[in-house]
Every structure is written in C-alpha cells, then in structure tokens.
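The data block below is protein_5.cif; it holds mmCIF, C-alpha atoms.
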data_my_file
#
loop_
_atom_site.group_PDB
_atom_site.id
_atom_site.type_symbol
_atom_site.label_atom_id
_atom_site.label_comp_id
_atom_site.auth_asym_id
_atom_site.auth_seq_id
_atom_site.Cartn_x
_atom_site.Cartn_y
_atom_site.Cartn_z
ATOM 1 C CA MET L 1 -3.920 1.362 88.744
ATOM 2 C CA LYS L 2 -4.903 1.609 85.090
ATOM 3 C CA ILE L 3 -2.462 0.524 82.367
ATOM 4 C CA VAL L 4 -3.192 1.308 78.713
ATOM 5 C CA ASN L 5 -1.315 0.216 75.590
ATOM 6 C CA LEU L 6 -2.460 2.351 72.659
ATOM 7 C CA ASP L 7 -0.655 0.593 69.792
ATOM 8 C CA ALA L 8 0.211 -2.971 70.650
ATOM 9 C CA TYR L 9 -0.081 -4.724 67.291
ATOM 10 C CA THR L 10 3.271 -4.080 65.627
ATOM 11 C CA THR L 11 5.176 -5.141 68.739
ATOM 12 C CA ASN L 12 2.983 -8.188 69.229
ATOM 13 C CA PRO L 13 0.870 -9.220 66.231
ATOM 14 C CA GLY L 14 -0.092 -12.396 68.081
ATOM 15 C CA ASP L 15 3.114 -14.389 68.429
ATOM 16 C CA LEU L 16 3.980 -13.018 71.888
ATOM 17 C CA SER L 17 1.938 -12.279 75.018
ATOM 18 C CA TRP L 18 0.862 -9.220 76.985
ATOM 19 C CA ASN L 19 -0.080 -11.338 80.007
ATOM 20 C CA PHE L 20 2.835 -9.940 82.008
ATOM 21 C CA LEU L 21 0.944 -6.642 82.312
ATOM 22 C CA ASN L 22 -1.650 -8.401 84.448
ATOM 23 C CA GLU L 23 1.077 -8.962 87.051
ATOM 24 C CA PHE L 24 1.047 -5.211 87.683
ATOM 25 C CA SER L 25 -2.659 -4.434 87.543
ATOM 26 C CA GLY L 26 -6.115 -5.890 87.105
ATOM 27 C CA ASP L 27 -7.093 -2.865 85.028
ATOM 28 C CA VAL L 28 -5.234 -3.375 81.734
ATOM 29 C CA HIS L 29 -6.482 -2.124 78.354
ATOM 30 C CA ILE L 30 -4.725 -3.153 75.130
ATOM 31 C CA TYR L 31 -5.503 -1.689 71.716
ATOM 32 C CA ASP L 32 -3.897 -2.846 68.497
ATOM 33 C CA ARG L 33 -3.809 0.730 67.193
ATOM 34 C CA THR L 34 -5.375 4.053 68.129
ATOM 35 C CA ALA L 35 -6.474 6.928 65.912
ATOM 36 C CA PRO L 36 -5.413 10.407 67.077
ATOM 37 C CA ALA L 37 -9.017 11.311 67.858
ATOM 38 C CA ASP L 38 -9.300 8.380 70.288
ATOM 39 C CA VAL L 39 -6.065 8.803 72.246
ATOM 40 C CA ILE L 40 -7.457 10.883 75.104
ATOM 41 C CA SER L 41 -10.657 8.887 75.568
ATOM 42 C CA ARG L 42 -8.809 5.560 75.634
ATOM 43 C CA ALA L 43 -5.932 6.717 77.837
ATOM 44 C CA LYS L 44 -7.966 8.803 80.291
ATOM 45 C CA GLY L 45 -7.304 7.730 83.867
ATOM 46 C CA ALA L 46 -4.199 5.690 83.065
ATOM 47 C CA GLU L 47 -1.223 5.895 85.406
ATOM 48 C CA ILE L 48 0.945 3.932 82.959
ATOM 49 C CA LEU L 49 0.621 4.568 79.238
ATOM 50 C CA ILE L 50 2.414 2.315 76.744
ATOM 51 C CA VAL L 51 2.990 3.631 73.216
ATOM 52 C CA ASN L 52 5.067 2.943 70.144
ATOM 53 C CA LYS L 53 4.186 5.339 67.329
ATOM 54 C CA THR L 54 1.109 6.973 68.834
ATOM 55 C CA VAL L 55 1.868 10.691 69.080
ATOM 56 C CA LEU L 56 1.452 12.233 72.521
ATOM 57 C CA THR L 57 1.121 15.951 71.928
ATOM 58 C CA ALA L 58 1.205 18.621 74.620
ATOM 59 C CA GLU L 59 -2.589 18.799 74.433
ATOM 60 C CA VAL L 60 -2.902 15.043 74.984
ATOM 61 C CA ILE L 61 -0.443 14.962 77.870
ATOM 62 C CA ASP L 62 -2.089 17.917 79.604
ATOM 63 C CA ALA L 63 -5.480 16.219 79.226
ATOM 64 C CA LEU L 64 -4.189 12.992 80.803
ATOM 65 C CA SER L 65 -2.563 14.696 83.784
ATOM 66 C CA PRO L 66 -2.411 14.450 86.740
ATOM 67 C CA GLN L 67 -3.393 10.753 86.594
ATOM 68 C CA LEU L 68 -0.699 9.907 84.049
ATOM 69 C CA LYS L 69 2.609 9.269 85.807
ATOM 70 C CA PHE L 70 4.623 7.017 83.506
ATOM 71 C CA ILE L 71 4.984 6.696 79.721
ATOM 72 C CA ALA L 72 6.555 3.383 78.713
ATOM 73 C CA LEU L 73 7.804 3.494 75.139
ATOM 74 C CA GLN L 74 8.016 0.415 72.934
ATOM 75 C CA SER L 75 10.884 2.036 71.041
ATOM 76 C CA THR L 76 14.286 3.616 71.391
ATOM 77 C CA GLY L 77 13.229 6.910 69.844
ATOM 78 C CA TYR L 78 11.016 9.241 71.831
ATOM 79 C CA ASN L 79 10.147 11.882 69.256
ATOM 80 C CA VAL L 80 6.442 10.927 69.512
ATOM 81 C CA VAL L 81 6.307 12.447 73.000
ATOM 82 C CA ASP L 82 6.121 16.188 73.689
ATOM 83 C CA MET L 83 8.951 16.280 76.207
ATOM 84 C CA ALA L 84 8.309 19.867 77.364
ATOM 85 C CA SER L 85 4.800 18.901 78.451
ATOM 86 C CA VAL L 86 6.103 15.733 80.099
ATOM 87 C CA HIS L 87 8.554 17.744 82.196
ATOM 88 C CA LYS L 88 5.900 20.317 83.096
ATOM 89 C CA ASN L 89 3.586 17.567 84.332
ATOM 90 C CA ASN L 90 6.325 15.561 86.128
ATOM 91 C CA ILE L 91 5.778 12.438 84.034
ATOM 92 C CA VAL L 92 8.536 9.846 83.716
ATOM 93 C CA VAL L 93 9.330 8.506 80.240
ATOM 94 C CA SER L 94 11.379 5.343 79.679
ATOM 95 C CA ASN L 95 12.518 3.959 76.328
ATOM 96 C CA ILE L 96 13.935 0.628 75.141
ATOM 97 C CA PRO L 97 17.621 1.198 74.326
ATOM 98 C CA LYS L 98 19.819 -1.091 72.223
ATOM 99 C CA TYR L 99 17.261 -3.887 71.902
ATOM 100 C CA SER L 100 17.412 -3.964 68.094
ATOM 101 C CA THR L 101 21.142 -3.580 67.496
ATOM 102 C CA ALA L 102 21.770 -7.034 66.037
ATOM 103 C CA ALA L 103 18.585 -7.041 63.959
ATOM 104 C CA VAL L 104 19.180 -3.635 62.355
ATOM 105 C CA ALA L 105 22.792 -4.487 61.523
ATOM 106 C CA GLN L 106 21.560 -7.733 59.970
ATOM 107 C CA LEU L 107 19.153 -5.879 57.676
ATOM 108 C CA VAL L 108 21.897 -3.455 56.651
ATOM 109 C CA PHE L 109 23.913 -6.393 55.372
ATOM 110 C CA ALA L 110 20.877 -7.937 53.744
ATOM 111 C CA PHE L 111 20.676 -4.707 51.747
ATOM 112 C CA ILE L 112 24.409 -4.671 51.040
ATOM 113 C CA LEU L 113 24.406 -8.287 49.870
ATOM 114 C CA HIS L 114 21.360 -7.581 47.721
ATOM 115 C CA PHE L 115 23.404 -5.033 45.809
ATOM 116 C CA SER L 116 26.653 -7.000 45.739
ATOM 117 C CA ASN L 117 25.328 -10.438 44.713
ATOM 118 C CA ARG L 118 21.970 -9.782 43.030
ATOM 119 C CA VAL L 119 20.599 -13.079 44.335
ATOM 120 C CA SER L 120 16.923 -12.358 43.643
ATOM 121 C CA LEU L 121 17.638 -11.107 40.115
ATOM 122 C CA HIS L 122 19.543 -14.241 39.173
ATOM 123 C CA ASN L 123 17.114 -16.558 40.940
ATOM 124 C CA ASP L 124 14.227 -15.033 38.982
ATOM 125 C CA SER L 125 16.206 -15.458 35.773
ATOM 126 C CA VAL L 126 16.924 -19.129 36.435
ATOM 127 C CA HIS L 127 13.272 -19.853 37.243
ATOM 128 C CA ALA L 128 12.267 -18.045 34.066
ATOM 129 C CA GLY L 129 14.290 -20.625 32.126
ATOM 130 C CA ASP L 130 17.269 -18.457 31.172
ATOM 131 C CA TRP L 131 19.850 -20.934 32.486
ATOM 132 C CA CYS L 132 18.160 -23.815 30.691
ATOM 133 C CA ARG L 133 18.572 -21.937 27.422
ATOM 134 C CA CYS L 134 22.076 -20.655 28.133
ATOM 135 C CA PRO L 135 24.979 -22.080 26.037
ATOM 136 C CA ASP L 136 27.382 -21.503 28.971
ATOM 137 C CA PHE L 137 27.534 -22.908 32.481
ATOM 138 C CA CYS L 138 27.491 -19.381 33.924
ATOM 139 C CA TYR L 139 25.993 -16.011 32.984
ATOM 140 C CA LEU L 140 25.368 -12.633 34.616
ATOM 141 C CA LYS L 141 22.204 -10.560 34.485
ATOM 142 C CA SER L 142 24.011 -7.743 36.300
ATOM 143 C CA PRO L 143 27.555 -7.188 37.576
ATOM 144 C CA VAL L 144 28.348 -8.568 41.019
ATOM 145 C CA PHE L 145 31.175 -7.436 43.270
ATOM 146 C CA GLU L 146 33.187 -8.443 46.317
ATOM 147 C CA LEU L 147 32.808 -6.547 49.564
ATOM 148 C CA SER L 148 36.420 -7.175 50.510
ATOM 149 C CA GLY L 149 38.398 -4.008 49.919
ATOM 150 C CA LYS L 150 35.336 -1.828 49.477
ATOM 151 C CA THR L 151 34.891 1.205 51.752
ATOM 152 C CA LEU L 152 31.873 1.371 54.028
ATOM 153 C CA GLY L 153 30.958 4.799 55.388
ATOM 154 C CA ILE L 154 28.955 4.754 58.628
ATOM 155 C CA ILE L 155 27.123 7.922 59.653
ATOM 156 C CA GLY L 156 26.470 7.697 63.382
ATOM 157 C CA PHE L 157 28.518 5.340 65.536
ATOM 158 C CA GLY L 158 26.333 4.267 68.419
ATOM 159 C CA SER L 159 25.657 0.630 69.240
ATOM 160 C CA ILE L 160 24.158 -0.119 65.807
ATOM 161 C CA GLY L 161 26.896 1.666 63.872
ATOM 162 C CA ALA L 162 29.519 -0.220 65.863
ATOM 163 C CA GLU L 163 27.784 -3.561 65.183
ATOM 164 C CA VAL L 164 27.648 -2.785 61.460
ATOM 165 C CA ALA L 165 31.374 -2.009 61.578
ATOM 166 C CA LYS L 166 32.099 -5.348 63.241
ATOM 167 C CA ILE L 167 30.276 -7.240 60.501
ATOM 168 C CA ALA L 168 31.926 -5.149 57.791
ATOM 169 C CA ALA L 169 35.346 -5.970 59.192
ATOM 170 C CA SER L 170 34.583 -9.684 58.883
ATOM 171 C CA PHE L 171 33.993 -9.105 55.156
ATOM 172 C CA GLY L 172 37.362 -7.384 54.819
ATOM 173 C CA MET L 173 35.863 -3.960 54.186
ATOM 174 C CA ASN L 174 37.591 -0.678 54.894
ATOM 175 C CA ILE L 175 35.542 1.312 57.408
ATOM 176 C CA ILE L 176 35.240 5.047 57.842
ATOM 177 C CA ALA L 177 32.780 6.715 60.202
ATOM 178 C CA ASN L 178 31.372 10.096 61.096
ATOM 179 C CA THR L 179 30.036 10.588 64.604
ATOM 180 C CA ARG L 180 29.490 13.291 67.203
ATOM 181 C CA THR L 181 31.715 11.537 69.742
ATOM 182 C CA VAL L 182 34.666 9.434 68.628
ATOM 183 C CA PRO L 183 34.925 6.340 70.861
ATOM 184 C CA ALA L 184 38.174 5.866 72.736
ATOM 185 C CA ASP L 185 37.830 2.070 72.754
ATOM 186 C CA SER L 186 40.903 0.448 71.225
ATOM 187 C CA LYS L 187 38.773 -2.159 69.449
ATOM 188 C CA PHE L 188 37.893 0.563 66.930
ATOM 189 C CA LYS L 189 41.527 1.378 66.102
ATOM 190 C CA ASP L 190 41.145 0.142 62.513
ATOM 191 C CA ILE L 191 38.243 2.495 61.836
ATOM 192 C CA LYS L 192 38.988 5.923 60.390
ATOM 193 C CA PHE L 193 36.811 8.615 61.931
ATOM 194 C CA THR L 194 36.331 11.470 59.478
ATOM 195 C CA GLU L 195 34.398 14.580 58.624
ATOM 196 C CA LEU L 196 31.126 13.988 56.786
ATOM 197 C CA ASP L 197 32.351 15.417 53.474
ATOM 198 C CA TYR L 198 35.272 12.986 53.368
ATOM 199 C CA LEU L 199 32.988 10.059 54.153
ATOM 200 C CA LEU L 200 30.486 11.001 51.462
ATOM 201 C CA SER L 201 33.099 11.319 48.731
ATOM 202 C CA ASN L 202 35.185 8.255 49.606
ATOM 203 C CA SER L 203 32.644 5.546 50.461
ATOM 204 C CA ASP L 204 31.457 2.780 48.165
ATOM 205 C CA ILE L 205 28.500 2.137 50.477
ATOM 206 C CA ILE L 206 27.056 4.667 52.930
ATOM 207 C CA THR L 207 24.793 3.622 55.802
ATOM 208 C CA CYS L 208 22.959 5.971 58.196
ATOM 209 C CA HIS L 209 22.694 5.195 61.911
ATOM 210 C CA CYS L 210 22.435 8.683 63.362
ATOM 211 C CA PRO L 211 19.675 10.023 65.607
ATOM 212 C CA LEU L 212 17.230 12.544 64.174
ATOM 213 C CA THR L 213 18.282 16.015 65.305
ATOM 214 C CA ASP L 214 18.101 19.507 63.853
ATOM 215 C CA LYS L 215 21.574 18.862 62.418
ATOM 216 C CA THR L 216 20.776 15.506 60.801
ATOM 217 C CA ARG L 217 17.293 16.350 59.511
ATOM 218 C CA ASN L 218 17.438 16.539 55.694
ATOM 219 C CA MET L 219 21.173 15.738 55.875
ATOM 220 C CA ILE L 220 21.048 13.489 52.807
ATOM 221 C CA ASN L 221 20.061 16.297 50.458
ATOM 222 C CA ALA L 222 20.955 17.208 46.879
ATOM 223 C CA GLU L 223 24.156 18.948 47.938
ATOM 224 C CA ASN L 224 25.474 16.007 49.942
ATOM 225 C CA ILE L 225 24.308 13.380 47.458
ATOM 226 C CA ALA L 226 26.343 15.215 44.793
ATOM 227 C CA LYS L 227 29.460 14.526 46.885
ATOM 228 C CA MET L 228 28.928 10.743 46.689
ATOM 229 C CA LYS L 229 30.436 8.498 44.034
ATOM 230 C CA LYS L 230 28.117 7.668 41.151
ATOM 231 C CA SER L 231 28.954 4.025 41.875
ATOM 232 C CA ALA L 232 27.968 4.343 45.560
ATOM 233 C CA TYR L 233 25.006 2.750 47.317
ATOM 234 C CA PHE L 234 23.095 4.519 50.080
ATOM 235 C CA ILE L 235 21.309 2.765 52.981
ATOM 236 C CA ASN L 236 19.067 4.262 55.648
ATOM 237 C CA THR L 237 17.740 2.352 58.660
ATOM 238 C CA SER L 238 17.772 5.323 61.057
ATOM 239 C CA ARG L 239 14.978 7.867 60.601
ATOM 240 C CA GLY L 240 13.162 8.815 57.415
ATOM 241 C CA ASP L 241 13.578 12.547 57.987
ATOM 242 C CA VAL L 242 17.350 12.227 57.649
ATOM 243 C CA VAL L 243 16.759 11.960 53.894
ATOM 244 C CA ASN L 244 15.378 14.463 51.408
ATOM 245 C CA GLU L 245 13.334 11.898 49.520
ATOM 246 C CA THR L 246 12.819 14.011 46.406
ATOM 247 C CA ALA L 247 16.545 14.685 46.101
ATOM 248 C CA LEU L 248 17.395 11.008 46.548
ATOM 249 C CA ALA L 249 14.813 9.921 43.970
ATOM 250 C CA CYS L 250 16.109 12.465 41.458
ATOM 251 C CA ALA L 251 19.684 11.273 41.988
ATOM 252 C CA LEU L 252 18.713 7.629 41.476
ATOM 253 C CA ASN L 253 16.708 8.367 38.349
ATOM 254 C CA ALA L 254 19.551 10.467 36.916
ATOM 255 C CA GLY L 255 22.176 7.787 37.593
ATOM 256 C CA GLN L 256 24.004 9.906 40.172
ATOM 257 C CA LEU L 257 23.905 6.940 42.561
ATOM 258 C CA ALA L 258 24.060 3.209 41.867
ATOM 259 C CA GLY L 259 21.252 2.394 44.257
ATOM 260 C CA ALA L 260 19.577 2.966 47.591
ATOM 261 C CA ALA L 261 17.907 0.813 50.235
ATOM 262 C CA LEU L 262 15.638 2.171 52.939
ATOM 263 C CA ASP L 263 13.720 0.681 55.839
ATOM 264 C CA VAL L 264 12.284 4.033 56.942
ATOM 265 C CA LEU L 265 10.458 6.875 55.199
ATOM 266 C CA GLN L 266 9.405 10.362 56.239
ATOM 267 C CA THR L 267 5.751 9.313 56.280
ATOM 268 C CA GLU L 268 4.807 5.859 57.560
ATOM 269 C CA PRO L 269 2.811 4.022 56.356
ATOM 270 C CA ALA L 270 4.211 5.068 52.990
ATOM 271 C CA ASP L 271 2.488 7.810 51.037
ATOM 272 C CA CYS L 272 1.631 6.484 47.581
ATOM 273 C CA SER L 273 2.978 9.716 46.077
ATOM 274 C CA ASN L 274 6.452 9.201 47.573
ATOM 275 C CA PRO L 275 8.915 9.557 44.656
ATOM 276 C CA LEU L 276 11.135 6.798 46.024
ATOM 277 C CA LEU L 277 8.435 4.198 45.334
ATOM 278 C CA THR L 278 9.108 4.553 41.605
ATOM 279 C CA ALA L 279 12.785 5.552 41.699
ATOM 280 C CA LYS L 280 15.364 3.419 39.880
ATOM 281 C CA ASN L 281 17.354 0.850 41.863
ATOM 282 C CA CYS L 282 15.582 1.706 45.125
ATOM 283 C CA ILE L 283 14.804 -1.043 47.628
ATOM 284 C CA ILE L 284 12.263 -0.235 50.362
ATOM 285 C CA THR L 285 11.174 -2.436 53.248
ATOM 286 C CA PRO L 286 8.287 -1.491 55.596
ATOM 287 C CA HIS L 287 10.236 -0.549 58.746
ATOM 288 C CA ILE L 288 11.016 -4.180 59.612
ATOM 289 C CA ALA L 289 14.602 -3.964 60.878
ATOM 290 C CA TRP L 290 13.362 -4.210 64.473
ATOM 291 C CA ALA L 291 10.653 -6.796 63.852
ATOM 292 C CA ALA L 292 12.349 -10.187 64.271
ATOM 293 C CA LEU L 293 10.614 -12.370 66.857
ATOM 294 C CA GLU L 294 13.714 -12.481 69.058
ATOM 295 C CA THR L 295 14.065 -8.699 68.856
ATOM 296 C CA ARG L 296 10.461 -8.031 69.827
ATOM 297 C CA ARG L 297 10.691 -10.562 72.655
ATOM 298 C CA ARG L 298 13.737 -8.660 73.941
ATOM 299 C CA LEU L 299 11.761 -5.428 73.682
ATOM 300 C CA LEU L 300 8.961 -6.827 75.837
ATOM 301 C CA ASP L 301 11.465 -8.067 78.420
ATOM 302 C CA VAL L 302 12.894 -4.549 78.732
ATOM 303 C CA LEU L 303 9.418 -3.019 78.765
ATOM 304 C CA LYS L 304 8.468 -5.262 81.677
ATOM 305 C CA SER L 305 11.681 -4.345 83.474
ATOM 306 C CA ASN L 306 11.026 -0.639 82.889
ATOM 307 C CA ILE L 307 7.565 -0.905 84.458
ATOM 308 C CA GLU L 308 8.964 -2.860 87.416
ATOM 309 C CA ALA L 309 11.640 -0.212 87.929
ATOM 310 C CA TYR L 310 9.090 2.610 87.833
ATOM 311 C CA LEU L 311 6.819 0.870 90.329
ATOM 312 C CA SER L 312 9.765 0.247 92.651
ATOM 313 C CA GLY L 313 10.526 3.970 92.717
ATOM 314 C CA ALA L 314 13.779 3.725 90.759
ATOM 315 C CA PRO L 315 12.858 4.189 87.084
ATOM 316 C CA GLN L 316 15.393 3.106 84.491
ATOM 317 C CA ASN L 317 16.098 4.003 80.855
ATOM 318 C CA VAL L 318 14.652 7.442 81.544
ATOM 319 C CA VAL L 319 14.794 9.898 78.638
ATOM 320 C CA SER L 320 14.878 13.648 79.052
#
Would you give me this structure, written as structure tokens?
Amino acid sequence: MKIVNLDAYTTNPGDLSWNFLNEFSGDVHIYDRTAPADVISRAKGAEILIVNKTVLTAEVIDALSPQLKFIALQSTGYNVVDMASVHKNNIVVSNIPKYSTAAVAQLVFAFILHFSNRVSLHNDSVHAGDWCRCPDFCYLKSPVFELSGKTLGIIGFGSIGAEVAKIAASFGMNIIANTRTVPADSKFKDIKFTELDYLLSNSDIITCHCPLTDKTRNMINAENIAKMKKSAYFINTSRGDVVNETALACALNAGQLAGAALDVLQTEPADCSNPLLTAKNCIITPHIAWAALETRRRLLDVLKSNIEAYLSGAPQNVVS
C-alpha cells in the first residue's frame, strides 16, 4: 500500500515526526510541498493521499483513480478537494475537526489586545528613549482602552466562536453572535444571538469564524463595512474569501474603521499587490493561528487516528 503526503512542511517543519506512517506501510513518500504540475506524478499509485493545501481537482482525482481510496486532510476545511469527483470515484475523505480551537481563539485575543493596549507601540517608544526624555512618569503614544463593557460581535458560532466567547466573557465583554444555528446549550444564555446587520452596527470588535460558503463569500464588503462603527475593529481568522480585500483596505485608509487584523488572505502566500499590505492600521499574520507546536501535534494524532479508522473499515471524520 502506497502512502503519499504532498505538502508536509507546514504541518511538520522538522519539530515533529512522520514516523507513524511507517506503521501502516513500507511504501511511504513525503514531500515538503508539491507544485500543481507534479501532483499526479507524485501521487500516482497511492491508496492513501495526505494533503493540506494542495488542490485536488477533478482531473487529478480521476487520474489517480481507481488506486486512490482515501484522502486524509491535514486541515478542517476541505475546499481543496473536488468533492463531486471524490463521490464519483468512491473515495473517502476525512478532515481534522476542532484541533485548532484553542489556538485560533488565542490569536483572536492577541489581535484584540494589540489594539486595546498597544504594547508593541509603547515598547518601541521606550526603547527609542522616549521615556528617558519624558518629564512625566507616564505617557501615551496612542489611546488604550478596557475590554470590559465593550461589545464583541462573533460571526459564526461553532467550536472556535464559542471558545472566543468564553474568553471574552472572562474579560467582562458583552457578546453578540450571528450564526446559522443558535445553540440550545444553557451555558450560552448570556450571549445575544442576532441578525448580521444588528451585529455589524452594534459591535466594538467584530471577529469572523464562519465557514466559507456561497452566502459568506465576500460578506465583509463595502456595504456591510459601512454598517460598522468607525471606532470598530475587524478580525478575520476564518477564510480569506469572506472579505472583499479592496473594500476593507479602502475603509481603513478612509478612517471608516479603526483597524483590522487578519490571519488569512484570499491568495496565500500573499500577493504583493494586495491592498491590505499597505492599508492603515492593518495587522496581518501569515496564517499562523493553527501553527502552535501543541496544535500541530494534536493534528497529527487525529491524522493517525483517521488513517487507522479507514484501514479498519470504519472511517471517521468523513466529509461529504
């Protein structure tokens, strides 16, 4: 049985191990990354194909059938796989659900605290000698604010949205949320579930945790940004295509929003022409919310379990 991993590097840049794959087969091939032109030649003959961001088009999947039986994703999202072709060829696809919940919520609050406390700005100022020259014991380079009493709007209330809400509650924030399915769990009784328009116009900070669908694609557009407070901050750690990047950049540059922080973009790696790279008060990190060592170790544990389940005849975490 041949096992191929087409893009192993981001999951394991060298601080973890792929040795567990050898428990399943003596024919294991691991590639750090794979160009589109090399996907078929590298994956040909594989029964199990492991991918993260490598796109498996209908053409690729048809070319790898009938040998290909199982696609093991190194991600929660499965938009890189042509699902119609998978179903036609009777291939099982399993993802890694909920592995990054804590890590993504942590980055959301790193962004929020960046805006509320301006730690890096003031640290740079002190090291530049500003405090040494200051006649007062305290000074501000930019206003800072308390999170207590502020309203956090959460778009999408799955496991990550719920974790963000839990952290927000510990800061004394008011929480409103917009989601397809309102949870019945009583532990969310202090959260106000609202229509999107209400959330956009009443939130001090807005954070996106929704899946990418036809409804959410381009959801943060000029029309919806105009509904936000000029003092509001926008955060996206979901999918880049949720945001109209030109509209967001224009709003930031025009002062229609106080700031934005993003861990995802429409094109990754970033396109140097992306207007957000030069937009005012825009923080961008290179899709690292999921990348903590503990998070990636958890991912590999689930990946191993998914392969074991497939080989036992009872696949788990199957997406359709």
### Task
Can you turn the PyMOL selection byres ((chain L and resi 269) around 12) into a concrete residue list for this file, as a PyMOL selection string?
chain L and resi 53+240+263-268+270-274+284-287
### Message
Using the chain letters and numbers from this file, what does the PyMOL selection byres ((chain L and resi 245-251) around 7) select? Give the answer as a list in words.
### Response
Asn221, Ala222, Val243, Asn244, Leu252, Asn253, Ala254, Gly255, Gln256, Leu257, Pro275, Leu276 and Ala279 of chain L
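Atom CA of L:Val302 sits 24.8 Å away from atom CA of L:Ser85.
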### Query
Between L:Asp136, L:Ala226, L:Ile154, L:Lys141, which one has atoms that come closest to L:His122, using all atoms listed in the file?
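Going through L:Asp136, L:Ala226, L:Ile154, L:Lys141 one by one, the smallest distance to L:His122 is for L:Lys141.
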### Query
Written as a ChimeraX atom specification, what is the full residue list that the PyMOL selection byres ((chain L and resi 148) around 7) yields on the file shown?
/L:146-147,149-150,171-173
#### Entry: Residues near L:Thr181, cut-off 12 Å, all atoms listed in the file, skip fewer than 2 positions along chain, as a list in words
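Non-adjacent residues within range: Ile155, Gly156, Phe157, Gly158, Ala177, Asn178, Thr179, Pro183, Ala184, Asp185, Phe193, Thr194, Glu195 and Cys210 of chain L.
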